[in-house]
Structure formats: structure tokens, C-alpha cells
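Reproduced below: entry_31.txt, with compact mmCIF, C-alpha atoms.
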# COMPACT_ATOMS: atom_id res chain seq x y z
CA MET A 1 46.66 12.86 -63.07
CA LEU A 2 48.87 13.43 -66.05
CA GLY A 3 52.14 11.94 -64.91
CA ALA A 4 54.69 11.37 -62.19
CA SER A 5 58.44 11.10 -62.16
CA HIS A 6 61.18 10.29 -59.66
CA LEU A 7 64.63 11.83 -59.91
CA SER A 8 67.66 10.54 -58.08
CA TYR A 9 68.60 13.37 -55.64
CA PRO A 10 67.09 15.29 -54.04
CA ARG A 11 64.42 12.69 -54.41
CA THR A 12 61.57 14.29 -56.25
CA LEU A 13 57.97 13.49 -57.03
CA ARG A 14 56.33 15.57 -59.72
CA LEU A 15 52.60 15.35 -60.47
CA LYS A 16 50.42 17.24 -62.89
CA LEU A 17 46.80 17.59 -61.77
CA ALA A 18 43.90 18.50 -63.98
CA CYS A 19 42.16 21.60 -62.67
CA ASN A 20 39.54 19.60 -60.76
CA LEU A 21 39.12 19.29 -56.99
CA THR A 22 38.56 15.55 -57.27
CA GLU A 23 42.20 15.16 -58.41
CA VAL A 24 43.67 16.67 -55.27
CA ARG A 25 43.21 13.90 -52.73
CA MET A 26 44.68 11.20 -54.93
CA ALA A 27 47.71 13.38 -55.70
CA ALA A 28 48.21 14.18 -52.00
CA GLN A 29 48.00 10.48 -51.14
CA MET A 30 50.64 9.73 -53.78
CA ALA A 31 52.85 12.42 -52.24
CA ARG A 32 52.24 10.92 -48.82
CA ALA A 33 53.24 7.46 -50.07
CA PHE A 34 56.37 8.90 -51.68
CA LEU A 35 57.41 10.62 -48.43
CA ALA A 36 56.61 7.52 -46.41
CA GLU A 37 59.02 5.59 -48.65
CA GLN A 38 61.71 8.12 -47.70
CA GLY A 39 61.12 7.41 -44.02
CA CYS A 40 59.00 10.36 -42.89
CA ALA A 41 57.12 9.81 -39.62
CA GLU A 42 53.34 9.62 -39.48
CA LYS A 43 52.94 13.10 -37.94
CA GLU A 44 55.09 14.64 -40.68
CA LEU A 45 53.10 12.81 -43.35
CA MET A 46 49.84 14.20 -41.99
CA ASP A 47 51.24 17.74 -42.07
CA TYR A 48 52.57 17.49 -45.64
CA GLU A 49 49.40 15.87 -46.91
CA LEU A 50 47.13 18.55 -45.45
CA ALA A 51 49.37 21.42 -46.59
CA LEU A 52 49.41 20.03 -50.13
CA VAL A 53 45.65 19.61 -50.17
CA GLU A 54 45.04 23.16 -48.96
CA ALA A 55 47.50 24.63 -51.47
CA CYS A 56 46.12 22.64 -54.42
CA ASN A 57 42.52 23.37 -53.46
CA ASN A 58 43.33 27.10 -53.61
CA ALA A 59 45.12 26.69 -56.93
CA ILE A 60 41.99 25.11 -58.40
CA LYS A 61 39.25 27.11 -56.65
CA TYR A 62 40.62 30.52 -57.60
CA VAL A 63 41.70 29.90 -61.19
CA ALA A 64 39.99 31.98 -63.88
CA ASP A 65 38.41 30.33 -66.90
CA GLY A 66 41.49 30.98 -69.03
CA GLY A 67 43.73 29.01 -66.68
CA ARG A 68 41.39 26.08 -66.16
CA GLN A 69 42.85 24.09 -69.06
CA LYS A 70 46.33 24.26 -67.57
CA PRO A 71 47.40 21.67 -65.01
CA VAL A 72 48.37 22.40 -61.43
CA LEU A 73 51.91 21.16 -60.86
CA MET A 74 52.71 19.54 -57.51
CA GLU A 75 56.36 18.88 -56.70
CA VAL A 76 57.68 17.19 -53.58
CA LEU A 77 61.41 17.36 -52.92
CA TRP A 78 62.89 15.28 -50.15
CA ASP A 79 66.37 15.31 -48.71
CA THR A 80 67.74 14.35 -45.34
CA ASN A 81 67.41 17.87 -43.92
CA GLU A 82 64.08 19.13 -45.17
CA VAL A 83 61.05 18.57 -47.34
CA GLU A 84 60.09 21.17 -49.92
CA LEU A 85 56.67 21.33 -51.54
CA ARG A 86 56.05 23.43 -54.64
CA ILE A 87 52.62 24.09 -56.12
CA THR A 88 52.42 25.93 -59.43
CA ASP A 89 49.07 27.58 -60.15
CA HIS A 90 47.61 29.64 -62.98
CA THR A 91 45.44 31.95 -60.91
CA SER A 92 45.85 35.72 -60.98
CA GLY A 93 47.74 35.32 -57.71
CA PHE A 94 47.33 37.17 -54.45
CA GLU A 95 49.41 38.88 -51.81
CA TRP A 96 50.70 36.19 -49.48
CA PRO A 97 49.97 37.43 -45.96
CA GLU A 98 52.97 37.92 -43.70
CA LYS A 99 50.90 36.56 -40.87
CA ALA A 100 47.92 34.29 -41.42
CA THR A 101 45.10 34.65 -38.92
CA LEU A 102 42.05 32.58 -38.25
CA PRO A 103 38.72 33.98 -39.43
CA ASP A 104 35.75 34.46 -37.13
CA ALA A 105 34.69 31.17 -35.58
CA GLU A 106 31.36 31.29 -37.44
CA SER A 107 33.04 31.74 -40.83
CA GLU A 108 32.60 28.85 -43.25
CA SER A 109 35.85 29.56 -45.13
CA GLY A 110 39.23 31.21 -44.78
CA ARG A 111 41.23 28.65 -42.78
CA GLY A 112 43.37 27.21 -45.57
CA LEU A 113 46.27 29.68 -45.48
CA TYR A 114 46.31 29.57 -41.71
CA LEU A 115 46.66 25.80 -41.80
CA ILE A 116 49.47 25.95 -44.36
CA ARG A 117 51.29 28.46 -42.15
CA ALA A 118 50.75 26.39 -39.04
CA LEU A 119 51.88 23.13 -40.63
CA MET A 120 54.99 24.32 -42.47
CA ASP A 121 58.13 26.16 -41.30
CA HIS A 122 58.49 28.42 -44.32
CA ALA A 123 56.18 29.68 -47.06
CA ASN A 124 56.97 31.88 -50.04
CA TYR A 125 54.58 32.75 -52.87
CA LEU A 126 56.37 33.67 -56.09
CA ARG A 127 54.12 35.56 -58.50
CA SER A 128 54.78 35.98 -62.19
CA PRO A 129 52.66 36.61 -65.29
CA GLY A 130 50.86 33.43 -66.24
CA GLU A 131 51.82 31.32 -63.27
CA ASN A 132 52.69 31.48 -59.58
CA VAL A 133 54.63 29.09 -57.39
CA LEU A 134 53.94 28.47 -53.72
CA VAL A 135 57.11 27.13 -52.07
CA LEU A 136 56.67 25.45 -48.69
CA LYS A 137 59.50 24.06 -46.59
CA LYS A 138 59.73 22.12 -43.40
CA ALA A 139 62.81 20.80 -41.61
CA ARG A 140 62.88 17.07 -41.08
CA LYS A 141 61.97 16.29 -37.51
CA SER A 142 65.30 14.65 -36.71
CA GLN A 143 67.13 17.72 -38.10
CA ARG A 144 65.52 20.31 -35.78
CA MET B 1 27.30 8.18 -45.63
CA LYS B 2 24.44 6.94 -43.51
CA PHE B 3 22.18 8.44 -40.91
CA GLU B 4 19.93 7.46 -38.05
CA THR B 5 17.48 9.36 -35.91
CA ILE B 6 17.73 9.21 -32.12
CA GLY B 7 14.94 11.29 -30.54
CA ASP B 8 15.58 14.90 -31.49
CA THR B 9 19.05 14.10 -32.83
CA LEU B 10 20.18 13.30 -36.35
CA ARG B 11 23.31 11.14 -36.28
CA VAL B 12 25.41 10.94 -39.45
CA TYR B 13 28.06 8.25 -39.79
CA ALA B 14 30.18 6.25 -42.27
CA ILE B 15 31.99 9.35 -43.51
CA ASN B 16 35.33 8.52 -45.16
CA GLU B 17 36.57 12.02 -45.86
CA LEU B 18 35.35 15.62 -45.63
CA GLY B 19 37.22 17.70 -48.16
CA ALA B 20 36.84 20.24 -50.93
CA ALA B 21 35.49 17.66 -53.36
CA ASN B 22 32.52 16.62 -51.19
CA ALA B 23 32.06 19.21 -48.41
CA ASN B 24 29.23 21.18 -50.03
CA ALA B 25 27.34 18.02 -51.04
CA PHE B 26 27.77 16.67 -47.49
CA ARG B 27 26.46 19.91 -45.94
CA ASP B 28 23.46 20.01 -48.26
CA TRP B 29 22.65 16.33 -47.74
CA VAL B 30 22.72 16.67 -43.94
CA ARG B 31 20.51 19.75 -44.08
CA GLU B 32 18.00 17.96 -46.29
CA THR B 33 18.02 14.97 -43.97
CA PHE B 34 17.65 17.06 -40.81
CA GLY B 35 14.01 16.53 -39.81
CA GLU B 36 11.79 19.44 -38.86
CA THR B 37 11.38 18.19 -35.29
CA GLN B 38 15.09 17.56 -34.75
CA LYS B 39 17.41 19.94 -32.90
CA HIS B 40 20.81 18.32 -32.63
CA ILE B 41 23.26 16.97 -35.22
CA GLU B 42 25.87 14.35 -34.35
CA ILE B 43 28.67 13.63 -36.78
CA GLU B 44 30.35 10.28 -36.10
CA LEU B 45 33.99 10.72 -37.18
CA SER B 46 35.55 7.40 -36.15
CA GLU B 47 35.77 6.31 -39.79
CA THR B 48 36.83 9.72 -41.09
CA THR B 49 40.49 9.72 -42.08
CA PHE B 50 40.80 13.21 -43.51
CA VAL B 51 39.24 16.66 -43.08
CA ASP B 52 40.47 19.85 -44.75
CA SER B 53 39.43 23.49 -44.35
CA CYS B 54 36.47 23.02 -46.70
CA GLY B 55 35.30 20.10 -44.55
CA LEU B 56 35.61 22.35 -41.51
CA GLY B 57 33.50 24.93 -43.32
CA ALA B 58 30.75 22.36 -43.81
CA LEU B 59 30.85 21.51 -40.10
CA VAL B 60 30.58 25.22 -39.19
CA ALA B 61 27.56 25.53 -41.50
CA LEU B 62 25.88 22.56 -39.78
CA HIS B 63 26.78 23.99 -36.38
CA LYS B 64 24.86 27.14 -37.36
CA THR B 65 21.95 25.06 -38.66
CA ALA B 66 21.64 23.22 -35.34
CA CYS B 67 22.06 26.43 -33.32
CA SER B 68 19.23 28.06 -35.30
CA ARG B 69 16.91 25.42 -33.77
CA GLY B 70 18.34 25.77 -30.29
CA GLY B 71 20.40 22.62 -30.74
CA LYS B 72 24.06 21.66 -30.97
CA LEU B 73 26.50 20.03 -33.34
CA ARG B 74 28.43 17.23 -31.68
CA LEU B 75 31.46 15.52 -33.16
CA LEU B 76 31.92 11.93 -32.03
CA ASN B 77 35.18 10.01 -31.83
CA PRO B 78 37.45 12.04 -34.12
CA GLN B 79 40.68 10.21 -34.97
CA PRO B 80 44.12 11.86 -34.46
CA PRO B 81 44.46 13.47 -37.94
CA VAL B 82 41.02 15.02 -37.63
CA ARG B 83 41.52 16.00 -34.01
CA GLN B 84 44.74 17.76 -35.06
CA ILE B 85 43.00 20.03 -37.57
CA LEU B 86 40.22 20.79 -35.08
CA GLU B 87 42.81 21.82 -32.50
CA LEU B 88 45.00 23.78 -34.94
CA THR B 89 42.04 25.86 -36.06
CA ARG B 90 40.64 26.05 -32.51
CA MET B 91 37.37 24.57 -33.68
CA ASP B 92 37.60 22.19 -30.74
CA ARG B 93 36.49 25.21 -28.67
CA ILE B 94 33.42 25.75 -30.85
CA PHE B 95 32.15 22.22 -31.41
CA GLU B 96 31.20 19.79 -28.69
CA ILE B 97 33.52 16.78 -29.09
CA ALA B 98 32.69 13.52 -27.38
CA ARG B 99 34.05 9.99 -27.13
CA GLN B 100 31.50 7.21 -27.00
Please render this file's structure as C-alpha cells.
Amino acid sequence: MLGASHLSYPRTLRLKLACNLTEVRMAAQMARAFLAEQGCAEKELMDYELALVEACNNAIKYVADGGRQKPVLMEVLWDTNEVELRITDHTSGFEWPEKATLPDAESESGRGLYLIRALMDHANYLRSPGENVLVLKKARKSQR
Amino acid sequence: MKFETIGDTLRVYAINELGAANANAFRDWVRETFGETQKHIEIELSETTFVDSCGLGALVALHKTACSRGGKLRLLNPQPPVRQILELTRMDRIFEIARQ
């Protein structure tokens, strides 16, 4: 974990993860603790934590050798109306599916995007040369 | 992680998390531990606080391993965060889930 910072408003947590799957859980737990400090309910915390883990796992699993030295950036933005999660990766990117579907029940992979879709209200994958940003948003429970 | 043998069942317990960082090692360890005369695999999840899609993949792999011997994979006592992901991905319809 290379660093974290809090800004005043919207309250923001920013973490840089080395491109290693063992970094993901600790970062997601730090994000969870940050959101708990802001007053998010347990159910919300579970959803954000799992969505962050799935997004960061993808950012690390699918990076090419050239991008492996670059960190994955995890940003968590909280305000009273919604929580926004941003994950910046250095993969070659992919077409974000308009509708995520579950794979065959016997499949041993392919459920990550479905989970992100199911857990969050909004997802947008912004592709650009060199890096891509997955933006996930979810309205605060009390604001729905 | 620990295991015990109960008749033709291998029971695995003391699992803290099943995620991308340990799912493949978990799957391989259970397969190596699964005795030749055993049919069923039970995964005790009461101490498991987190499962992600890679952890689910490991459970599907073990489900197939047990089925190949005419057995079943049973999940015991999943806690709410784990139960949620099983339900969201409809894996609760595939795995036998029991409370003991």
C-alpha cells in the first residue's frame, strides 16, 4: 500500500495498491473502515467492500507485464447522497457489458462483473490509452 | 485451515476468508486432502467473514470434484456476508447449505 489521503469534502480516501492480489483485501478493509466512519450501515459496507475487491482483482489479474509496475488506484468518495468508487487500472481494457449475466453454474469464473453490477446502482468504464477508470456509484440508503 | 474425516466425508473448517489471494491454494489443498475413499466435502463457513467470486470459483471446483465421485459439496453455517454472495450469484441453488 503506497499511501492514503483524506480530503475535506466530498470526503475522500485514496489508496495506491501494488499490482498484487494480496494487497486488495487490506485496501478494501481500509475503505470499509473509512465508510464506516462516515456512518454507512453494515449492509452498505458489505456491498462496497465486495465491489471494490472484485474491481481491484480484475485490475490486477488482467494487467499485462508492462503495466504490472504501475499501481492500481482506489478512490472512495463519500457525500451525504451517494458513494462513488473509482478504480484506475493499467490493463488493455475491455468493453463493459451493458448487461452482466451469470455464467453457467458449473463455471469456475466469470461472476465478478455480475456482482459489481448487482451491488452498485451505476457503473461506467472509461477507457483511455495507458489507463482505464471504473466508476461505480450507489445512492446512500437513506437518500433512496 | 483444518480438516477432519467423518466416514466418507472430508470436513474443512477454520477458514477465515476465501478470496483471489488464496482461492486456488485452498482448492488444491482440499483436493490433495480428499481421501480416495471419501465422497463428500463439507466446508464449515461459520468463521468465514469474506468470500469473493474467486472463492466461489474454488467452491464450484470442489463441487465438481465431489460430484465426480458421486458425492456432494455441503456448505455449513455461512454467515450473512457469505450467504449474501451465494444468493446473489444463485449458488445457493447449486450447493447444499446446512445449519448445524
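Between CA of Asn58 in chain A and CA of Ala41 in chain A there is a distance of 26.2 Å.
The interface of chain A with chain B at 6 Å, considering only C-alpha atoms, consists of Leu21, Thr22, Glu108, Ser109, Arg111 and Gly112 of chain A.
As for CA of Arg32 in chain A and CA of Glu87 in chain B, they are spaced 21.8 Å apart.
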Pick out the residues sitting within 12 Å of Glu42 in chain B, and hand them over as a ChimeraX atom specification; count only C-alpha atoms, and ignore anything fewer than 5 positions along from it in its own chain.
/B:2-13,30,34,59,62-63,66,71-78,95-100
Top pick for closest residue to Glu32 in chain B, considering B:Thr65, B:Thr49, B:Gln79, B:Asn16 and counting only C-alpha atoms:
B:Thr65
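Interatomic distance, CA of Ile15 in chain B to CA of Leu85 in chain A: 28.6 Å.
Within 10 Å of the point (53.4, 13.2, -49.2), and counting only C-alpha atoms, the protein, DNA and RNA residues are Leu13, Ala27, Ala28, Gln29, Met30, Ala31, Arg32, Ala33, Phe34, Leu35, Ala36, Glu37, Gln38, Cys40, Glu44, Leu45, Met46, Asp47, Tyr48, Glu49, Leu50, Ala51, Leu52, Glu75, Val76, Leu77, Trp78, Val83 and Leu85 of chain A.
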Edge lengths and centre in Å to one decimal, as AutoDock Vina command-line options, is what I'm after for the box along x, y and z that holds all listed atoms of range 64-73 of chain A once 4 Å is added on each side.
--center_x 45.2 --center_y 26.6 --center_z -65.0 --size_x 21.5 --size_y 18.8 --size_z 16.2
Residue among A:Glu84, A:Asp89, A:Val53, A:Asn124 lying closest to Cys19 in chain A, counting all atoms listed in the file
A:Asp89
For a quick check of understanding, using all atoms listed in the file, which of A:Pro10, A:Glu106, A:Ile87, A:Glu82 has the smallest distance to Ala59 in chain A?
A:Ile87
